[in-house]
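Shown next: protein-v8.cif, given as mmCIF, C-alpha atoms and all ligand atoms; chains and numbers go by the auth columns.
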data_input
loop_
_atom_site.group_PDB
_atom_site.id
_atom_site.type_symbol
_atom_site.label_atom_id
_atom_site.label_comp_id
_atom_site.label_asym_id
_atom_site.label_seq_id
_atom_site.Cartn_x
_atom_site.Cartn_y
_atom_site.Cartn_z
_atom_site.B_iso_or_equiv
_atom_site.auth_seq_id
_atom_site.auth_asym_id
ATOM 1 C CA MET A 1 10.525 -4.324 -21.179 0.00 1 A
ATOM 2 C CA THR A 2 12.320 -2.889 -18.167 0.00 2 A
ATOM 3 C CA ASP A 3 13.321 -4.890 -15.121 0.00 3 A
ATOM 4 C CA CYS A 4 10.442 -3.289 -13.191 0.00 4 A
ATOM 5 C CA GLN A 5 6.925 -4.714 -13.648 0.00 5 A
ATOM 6 C CA PHE A 6 5.209 -1.534 -12.485 0.00 6 A
ATOM 7 C CA CYS A 7 7.299 0.774 -14.671 0.00 7 A
ATOM 8 C CA ASP A 8 6.145 -1.449 -17.541 0.00 8 A
ATOM 9 C CA ILE A 9 2.512 -0.892 -16.513 0.00 9 A
ATOM 10 C CA ALA A 10 3.067 2.871 -16.098 0.00 10 A
ATOM 11 C CA ASN A 11 4.663 2.995 -19.568 0.00 11 A
ATOM 12 C CA ARG A 12 1.897 0.799 -21.070 0.00 12 A
ATOM 13 C CA ARG A 13 4.366 -1.921 -22.006 0.00 13 A
ATOM 14 C CA THR A 14 2.392 -4.383 -19.862 0.00 14 A
ATOM 15 C CA LYS A 15 -1.397 -4.493 -19.898 0.00 15 A
ATOM 16 C CA ALA A 16 -3.270 -3.824 -16.665 0.00 16 A
ATOM 17 C CA GLN A 17 -6.867 -2.996 -15.763 0.00 17 A
ATOM 18 C CA ILE A 18 -6.277 0.704 -15.182 0.00 18 A
ATOM 19 C CA ILE A 19 -9.024 2.390 -13.176 0.00 19 A
ATOM 20 C CA TYR A 20 -7.640 5.901 -12.543 0.00 20 A
ATOM 21 C CA GLU A 21 -4.746 7.986 -13.737 0.00 21 A
ATOM 22 C CA SER A 22 -3.278 11.391 -12.915 0.00 22 A
ATOM 23 C CA ASP A 23 -0.044 13.082 -13.908 0.00 23 A
ATOM 24 C CA LEU A 24 1.971 11.403 -11.132 0.00 24 A
ATOM 25 C CA ALA A 25 -0.003 8.315 -10.133 0.00 25 A
ATOM 26 C CA LEU A 26 -1.785 5.336 -11.639 0.00 26 A
ATOM 27 C CA ALA A 27 -4.350 2.931 -10.151 0.00 27 A
ATOM 28 C CA PHE A 28 -5.108 -0.541 -11.488 0.00 28 A
ATOM 29 C CA LEU A 29 -6.580 -3.839 -10.326 0.00 29 A
ATOM 30 C CA ASP A 30 -4.222 -6.324 -8.691 0.00 30 A
ATOM 31 C CA HIS A 31 -3.970 -9.325 -11.022 0.00 31 A
ATOM 32 C CA ARG A 32 -4.050 -11.780 -8.099 0.00 32 A
ATOM 33 C CA PRO A 33 -6.595 -10.107 -5.839 0.00 33 A
ATOM 34 C CA VAL A 34 -6.975 -10.801 -2.142 0.00 34 A
ATOM 35 C CA SER A 35 -10.624 -9.782 -2.530 0.00 35 A
ATOM 36 C CA LYS A 36 -12.990 -8.330 -5.116 0.00 36 A
ATOM 37 C CA GLY A 37 -11.811 -4.869 -6.140 0.00 37 A
ATOM 38 C CA HIS A 38 -8.277 -5.231 -4.681 0.00 38 A
ATOM 39 C CA SER A 39 -6.469 -2.322 -6.317 0.00 39 A
ATOM 40 C CA LEU A 40 -2.970 -0.915 -6.393 0.00 40 A
ATOM 41 C CA VAL A 41 -1.909 2.714 -6.653 0.00 41 A
ATOM 42 C CA ILE A 42 1.620 3.394 -7.882 0.00 42 A
ATOM 43 C CA SER A 43 3.717 6.461 -8.520 0.00 43 A
ATOM 44 C CA LYS A 44 4.322 6.755 -12.270 0.00 44 A
ATOM 45 C CA ALA A 45 7.981 7.464 -11.633 0.00 45 A
ATOM 46 C CA HIS A 46 10.084 4.691 -10.191 0.00 46 A
ATOM 47 C CA PHE A 47 10.833 4.740 -6.467 0.00 47 A
ATOM 48 C CA ASP A 48 11.702 1.507 -4.702 0.00 48 A
ATOM 49 C CA ASN A 49 9.721 2.166 -1.534 0.00 49 A
ATOM 50 C CA LEU A 50 8.506 4.648 1.086 0.00 50 A
ATOM 51 C CA TYR A 51 12.058 5.486 2.143 0.00 51 A
ATOM 52 C CA ASP A 52 13.036 6.983 -1.185 0.00 52 A
ATOM 53 C CA ILE A 53 9.793 8.301 -2.720 0.00 53 A
ATOM 54 C CA GLU A 54 9.604 12.095 -3.012 0.00 54 A
ATOM 55 C CA PHE A 55 6.825 13.948 -1.195 0.00 55 A
ATOM 56 C CA LYS A 56 4.968 15.161 -4.270 0.00 56 A
ATOM 57 C CA PRO A 57 4.352 11.731 -5.844 0.00 57 A
ATOM 58 C CA LEU A 58 3.762 10.256 -2.380 0.00 58 A
ATOM 59 C CA LEU A 59 0.965 12.717 -1.636 0.00 59 A
ATOM 60 C CA GLU A 60 -0.503 12.144 -5.079 0.00 60 A
ATOM 61 C CA VAL A 61 -0.551 8.353 -4.571 0.00 61 A
ATOM 62 C CA PHE A 62 -2.529 8.838 -1.355 0.00 62 A
ATOM 63 C CA ARG A 63 -4.873 11.358 -2.991 0.00 63 A
ATOM 64 C CA VAL A 64 -5.631 8.760 -5.677 0.00 64 A
ATOM 65 C CA ALA A 65 -5.936 6.033 -3.006 0.00 65 A
ATOM 66 C CA LYS A 66 -8.742 8.041 -1.418 0.00 66 A
ATOM 67 C CA ILE A 67 -10.541 8.522 -4.739 0.00 67 A
ATOM 68 C CA VAL A 68 -10.275 4.802 -5.539 0.00 68 A
ATOM 69 C CA SER A 69 -11.362 3.782 -2.021 0.00 69 A
ATOM 70 C CA VAL A 70 -14.482 5.950 -2.243 0.00 70 A
ATOM 71 C CA ALA A 71 -15.310 4.362 -5.627 0.00 71 A
ATOM 72 C CA LEU A 72 -14.737 0.804 -4.355 0.00 72 A
ATOM 73 C CA ASN A 73 -16.917 1.524 -1.349 0.00 73 A
ATOM 74 C CA LYS A 74 -19.671 2.790 -3.632 0.00 74 A
ATOM 75 C CA VAL A 75 -19.449 -0.014 -6.217 0.00 75 A
ATOM 76 C CA PHE A 76 -18.863 -3.092 -4.019 0.00 76 A
ATOM 77 C CA ASN A 77 -20.200 -1.926 -0.655 0.00 77 A
ATOM 78 C CA PRO A 78 -17.597 -3.825 1.430 0.00 78 A
ATOM 79 C CA TYR A 79 -17.712 -4.010 5.250 0.00 79 A
ATOM 80 C CA GLY A 80 -14.443 -2.065 5.318 0.00 80 A
ATOM 81 C CA ILE A 81 -11.310 -1.232 3.346 0.00 81 A
ATOM 82 C CA ASN A 82 -7.644 -1.607 4.348 0.00 82 A
ATOM 83 C CA LEU A 83 -4.764 0.339 2.863 0.00 83 A
ATOM 84 C CA MET A 84 -1.527 -1.627 2.989 0.00 84 A
ATOM 85 C CA GLN A 85 1.931 -0.544 1.955 0.00 85 A
ATOM 86 C CA ASN A 86 4.900 -2.922 2.169 0.00 86 A
ATOM 87 C CA ASN A 87 8.556 -1.846 2.361 0.00 87 A
ATOM 88 C CA GLY A 88 11.259 -4.482 2.095 0.00 88 A
ATOM 89 C CA MET A 89 11.184 -8.203 1.495 0.00 89 A
ATOM 90 C CA HIS A 90 10.600 -8.992 5.172 0.00 90 A
ATOM 91 C CA ALA A 91 7.558 -6.753 5.203 0.00 91 A
ATOM 92 C CA GLY A 92 6.103 -8.678 2.264 0.00 92 A
ATOM 93 C CA GLN A 93 7.208 -6.408 -0.576 0.00 93 A
ATOM 94 C CA THR A 94 7.581 -8.423 -3.785 0.00 94 A
ATOM 95 C CA VAL A 95 7.491 -5.639 -6.372 0.00 95 A
ATOM 96 C CA PHE A 96 10.127 -3.030 -5.605 0.00 96 A
ATOM 97 C CA HIS A 97 8.299 -0.053 -7.078 0.00 97 A
ATOM 98 C CA PHE A 98 6.368 2.046 -4.532 0.00 98 A
ATOM 99 C CA HIS A 99 2.706 1.041 -4.309 0.00 99 A
ATOM 100 C CA VAL A 100 -0.268 1.097 -1.974 0.00 100 A
ATOM 101 C CA HIS A 101 -2.748 -1.782 -1.787 0.00 101 A
ATOM 102 C CA ILE A 102 -6.438 -1.003 -1.395 0.00 102 A
ATOM 103 C CA ILE A 103 -8.143 -4.115 -0.070 0.00 103 A
ATOM 104 C CA PRO A 104 -11.913 -4.240 0.416 0.00 104 A
ATOM 105 C CA ARG A 105 -13.093 -6.617 3.191 0.00 105 A
ATOM 106 C CA TYR A 106 -16.348 -8.495 2.801 0.00 106 A
ATOM 107 C CA ASP A 107 -16.483 -11.034 5.589 0.00 107 A
ATOM 108 C CA SER A 108 -15.768 -11.475 9.253 0.00 108 A
ATOM 109 C CA GLU A 109 -12.829 -13.836 8.546 0.00 109 A
ATOM 110 C CA TYR A 110 -10.435 -10.907 8.525 0.00 110 A
ATOM 111 C CA VAL A 111 -11.631 -9.846 11.968 0.00 111 A
ATOM 112 C CA LYS A 112 -10.391 -13.240 13.231 0.00 112 A
ATOM 113 C CA VAL A 113 -6.962 -12.572 11.687 0.00 113 A
ATOM 114 C CA LEU A 114 -6.866 -9.212 13.488 0.00 114 A
ATOM 115 C CA GLU A 115 -7.894 -10.793 16.780 0.00 115 A
ATOM 116 C CA GLU A 116 -5.135 -13.415 16.462 0.00 116 A
ATOM 117 C CA ALA A 117 -2.595 -10.684 15.674 0.00 117 A
ATOM 118 C CA ALA A 118 -3.781 -8.669 18.702 0.00 118 A
ATOM 119 C CA MET A 119 -3.096 -11.659 20.971 0.00 119 A
ATOM 120 C CA LYS A 120 0.542 -11.694 19.797 0.00 120 A
ATOM 121 C CA ARG A 121 1.192 -8.055 20.767 0.00 121 A
ATOM 122 C CA PHE A 122 3.973 -7.189 23.205 0.00 122 A
ATOM 123 C CA VAL A 123 3.279 -6.074 26.689 0.00 123 A
ATOM 124 C CA THR A 124 5.670 -3.153 27.244 0.00 124 A
ATOM 125 C CA ASN A 125 6.056 -0.289 29.677 0.00 125 A
ATOM 126 C CA ASP A 126 6.514 3.474 29.699 0.00 126 A
ATOM 127 C CA SER A 127 10.284 3.443 30.112 0.00 127 A
ATOM 128 C CA PHE A 128 10.830 1.178 27.069 0.00 128 A
ATOM 129 C CA LEU A 129 8.423 3.302 25.017 0.00 129 A
ATOM 130 C CA GLU A 130 10.102 6.484 26.244 0.00 130 A
ATOM 131 C CA ALA A 131 13.578 5.211 25.223 0.00 131 A
ATOM 132 C CA ASP A 132 12.315 4.260 21.762 0.00 132 A
ATOM 133 C CA ALA A 133 10.488 7.585 21.345 0.00 133 A
ATOM 134 C CA ARG A 134 13.679 9.487 22.243 0.00 134 A
ATOM 135 C CA LYS A 135 15.708 7.628 19.585 0.00 135 A
ATOM 136 C CA ILE A 136 13.059 8.184 16.923 0.00 136 A
ATOM 137 C CA ARG A 137 12.660 11.890 17.716 0.00 137 A
ATOM 138 C CA SER A 138 16.404 12.444 17.520 0.00 138 A
ATOM 139 C CA ALA A 139 16.643 10.565 14.177 0.00 139 A
ATOM 140 C CA MET A 140 14.105 13.035 12.720 0.00 140 A
ATOM 141 C CA LYS A 141 15.955 16.157 13.917 0.00 141 A
ATOM 142 C CA GLY A 142 18.903 15.887 11.536 0.00 142 A
HETATM 143 P P1 LIG B . 3.709 -6.403 -2.696 0.00 201 B
HETATM 144 O O1 LIG B . 3.771 -7.825 -2.165 0.00 201 B
HETATM 145 O O2 LIG B . 3.251 -5.407 -1.690 0.00 201 B
HETATM 146 O O3 LIG B . 5.018 -6.013 -3.374 0.00 201 B
HETATM 147 O O4 LIG B . 2.565 -6.431 -3.788 0.00 201 B
HETATM 148 C C1 LIG B . 2.765 -6.619 -5.134 0.00 201 B
HETATM 149 C C2 LIG B . 1.399 -6.860 -5.746 0.00 201 B
HETATM 150 O O5 LIG B . 1.488 -6.618 -7.140 0.00 201 B
HETATM 151 C C3 LIG B . 0.847 -8.288 -5.574 0.00 201 B
HETATM 152 O O6 LIG B . -0.409 -8.215 -4.899 0.00 201 B
HETATM 153 C C4 LIG B . 0.710 -8.800 -7.011 0.00 201 B
HETATM 154 O O7 LIG B . -0.429 -9.614 -7.183 0.00 201 B
HETATM 155 C C5 LIG B . 0.614 -7.504 -7.804 0.00 201 B
HETATM 156 N N1 LIG B . 1.082 -7.558 -9.170 0.00 201 B
HETATM 157 C C6 LIG B . 2.301 -7.961 -9.608 0.00 201 B
HETATM 158 N N2 LIG B . 2.382 -7.849 -10.951 0.00 201 B
HETATM 159 C C7 LIG B . 1.202 -7.344 -11.373 0.00 201 B
HETATM 160 C C8 LIG B . 0.663 -7.006 -12.651 0.00 201 B
HETATM 161 N N3 LIG B . 1.386 -7.165 -13.773 0.00 201 B
HETATM 162 N N4 LIG B . -0.604 -6.529 -12.712 0.00 201 B
HETATM 163 C C9 LIG B . -1.324 -6.367 -11.582 0.00 201 B
HETATM 164 N N5 LIG B . -0.878 -6.662 -10.346 0.00 201 B
HETATM 165 C C10 LIG B . 0.370 -7.147 -10.233 0.00 201 B
HETATM 166 ZN ZN ZN B . 9.435 0.794 -11.470 0.00 202 B
#

Conversion result in structure tokens:
Amino acid sequence: MTDCQFCDIANRRTKAQIIYESDLALAFLDHRPVSKGHSLVISKAHFDNLYDIEFKPLLEVFRVAKIVSVALNKVFNPYGINLMQNNGMHAGQTVFHFHVHIIPRYDSEYVKVLEEAAMKRFVTNDSFLEADARKIRSAMKG
């Protein structure tokens, strides 16, 4: 055993319901699903999160996420599918090995959650957005 649950799945030390595998990525069913078909795609190599994952495994994880999403859509015929990817404890990350959630949605309950979230959005203005955009653009130049 390592101290990383998803490295243990990638190395077959822990059993998981694996649904797709490539050289750099692995997809399996979440063991405590939010909905039927809830799947996870991980990089086989260990990266803590989106900040440190290299581009090649990152792109491969998203390629596999598309393949799995198309299959879930075909098999379970959900109303829609969300991809979710958490970075950091305060964003809900509990396993610190890069992963993407694929969550099929089957009922209108989730629409209510989205509507409630929409009501909590900030009202802002162009000058605040402009100041933030300037900071972000300059952070990406270096
Ligand atoms: P996150 O909160 O984004 O870090 O998500 C971690 C997810 O991993 C949760 O949805 C867990 O249910 C799932 N999970 C943790 N351990 C396992 C495991 N051994 N097999 C399958 N899913 C797991
Ligand atoms: Zn790991």

Original post:
From the list A:Leu114, A:Ile103, A:Lys44, A:Phe55, which residue is nearest A:Asp30 when using only C-alpha atoms?
Top reply: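 Using only C-alpha atoms, the shortest distance to A:Asp30 belongs to A:Ile103.
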
Original post:
What is the distance, in Å and to one decimal place, between atom CA of A:Phe6 and atom O5 of ligand LIG 201 (chain B)?
Top reply: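 One can read the atom CA of A:Phe6 to atom O5 of ligand LIG 201 (chain B) distance as 8.3 Å.
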
Subject >> Expected answer as a PyMOL selection string: residues within 9 Å of ligand LIG 201 (chain B), all atoms listed in the file >> reply: chain A and resi 5-6+8-9+14-17+28-34+38-40+84-89+91-101

Original post:
Residues picked by the PyMOL selection byres (((chain A and resi 78) around 12) and not hetatm) here, as a VMD selection string?
Top reply: chain A and resid 35 to 38 69 to 77 79 to 82 102 to 108

Could the residues in this selection be written to a file with C-alpha atoms, as a CSV table (one decimal), keeping the file's coordinate frame?
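Result written to part-v4.csv:
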chain,number,residue,atom,x,y,z
A,35,SER,CA,-10.6,-9.8,-2.5
A,36,LYS,CA,-13.0,-8.3,-5.1
A,37,GLY,CA,-11.8,-4.9,-6.1
A,38,HIS,CA,-8.3,-5.2,-4.7
A,69,SER,CA,-11.4,3.8,-2.0
A,70,VAL,CA,-14.5,6.0,-2.2
A,71,ALA,CA,-15.3,4.4,-5.6
A,72,LEU,CA,-14.7,0.8,-4.4
A,73,ASN,CA,-16.9,1.5,-1.3
A,74,LYS,CA,-19.7,2.8,-3.6
A,75,VAL,CA,-19.4,0.0,-6.2
A,76,PHE,CA,-18.9,-3.1,-4.0
A,77,ASN,CA,-20.2,-1.9,-0.7
A,79,TYR,CA,-17.7,-4.0,5.2
A,80,GLY,CA,-14.4,-2.1,5.3
A,81,ILE,CA,-11.3,-1.2,3.3
A,82,ASN,CA,-7.6,-1.6,4.3
A,102,ILE,CA,-6.4,-1.0,-1.4
A,103,ILE,CA,-8.1,-4.1,-0.1
A,104,PRO,CA,-11.9,-4.2,0.4
A,105,ARG,CA,-13.1,-6.6,3.2
A,106,TYR,CA,-16.3,-8.5,2.8
A,107,ASP,CA,-16.5,-11.0,5.6
A,108,SER,CA,-15.8,-11.5,9.3

**OP:** Given the file shown, enumerate the residues that the PyMOL selection byres (((chain A and resi 27) around 8) and not hetatm) captures and present them as a list of chain:residue names.
**Re:** A:Ile18, A:Ile19, A:Tyr20, A:Glu21, A:Ala25, A:Leu26, A:Phe28, A:Leu29, A:Ser39, A:Leu40, A:Val41, A:Ile42, A:Val64, A:Ala65, A:Val68

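If you measure from each of A:Lys66, A:Lys120, A:His46, A:Arg137 to ligand ZN 202 (chain B) using all atoms listed in the file, the closest one turns out to be A:His46.
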
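Atom CA of A:Ala45 is positioned 16.0 Å from atom CA of A:Arg63.
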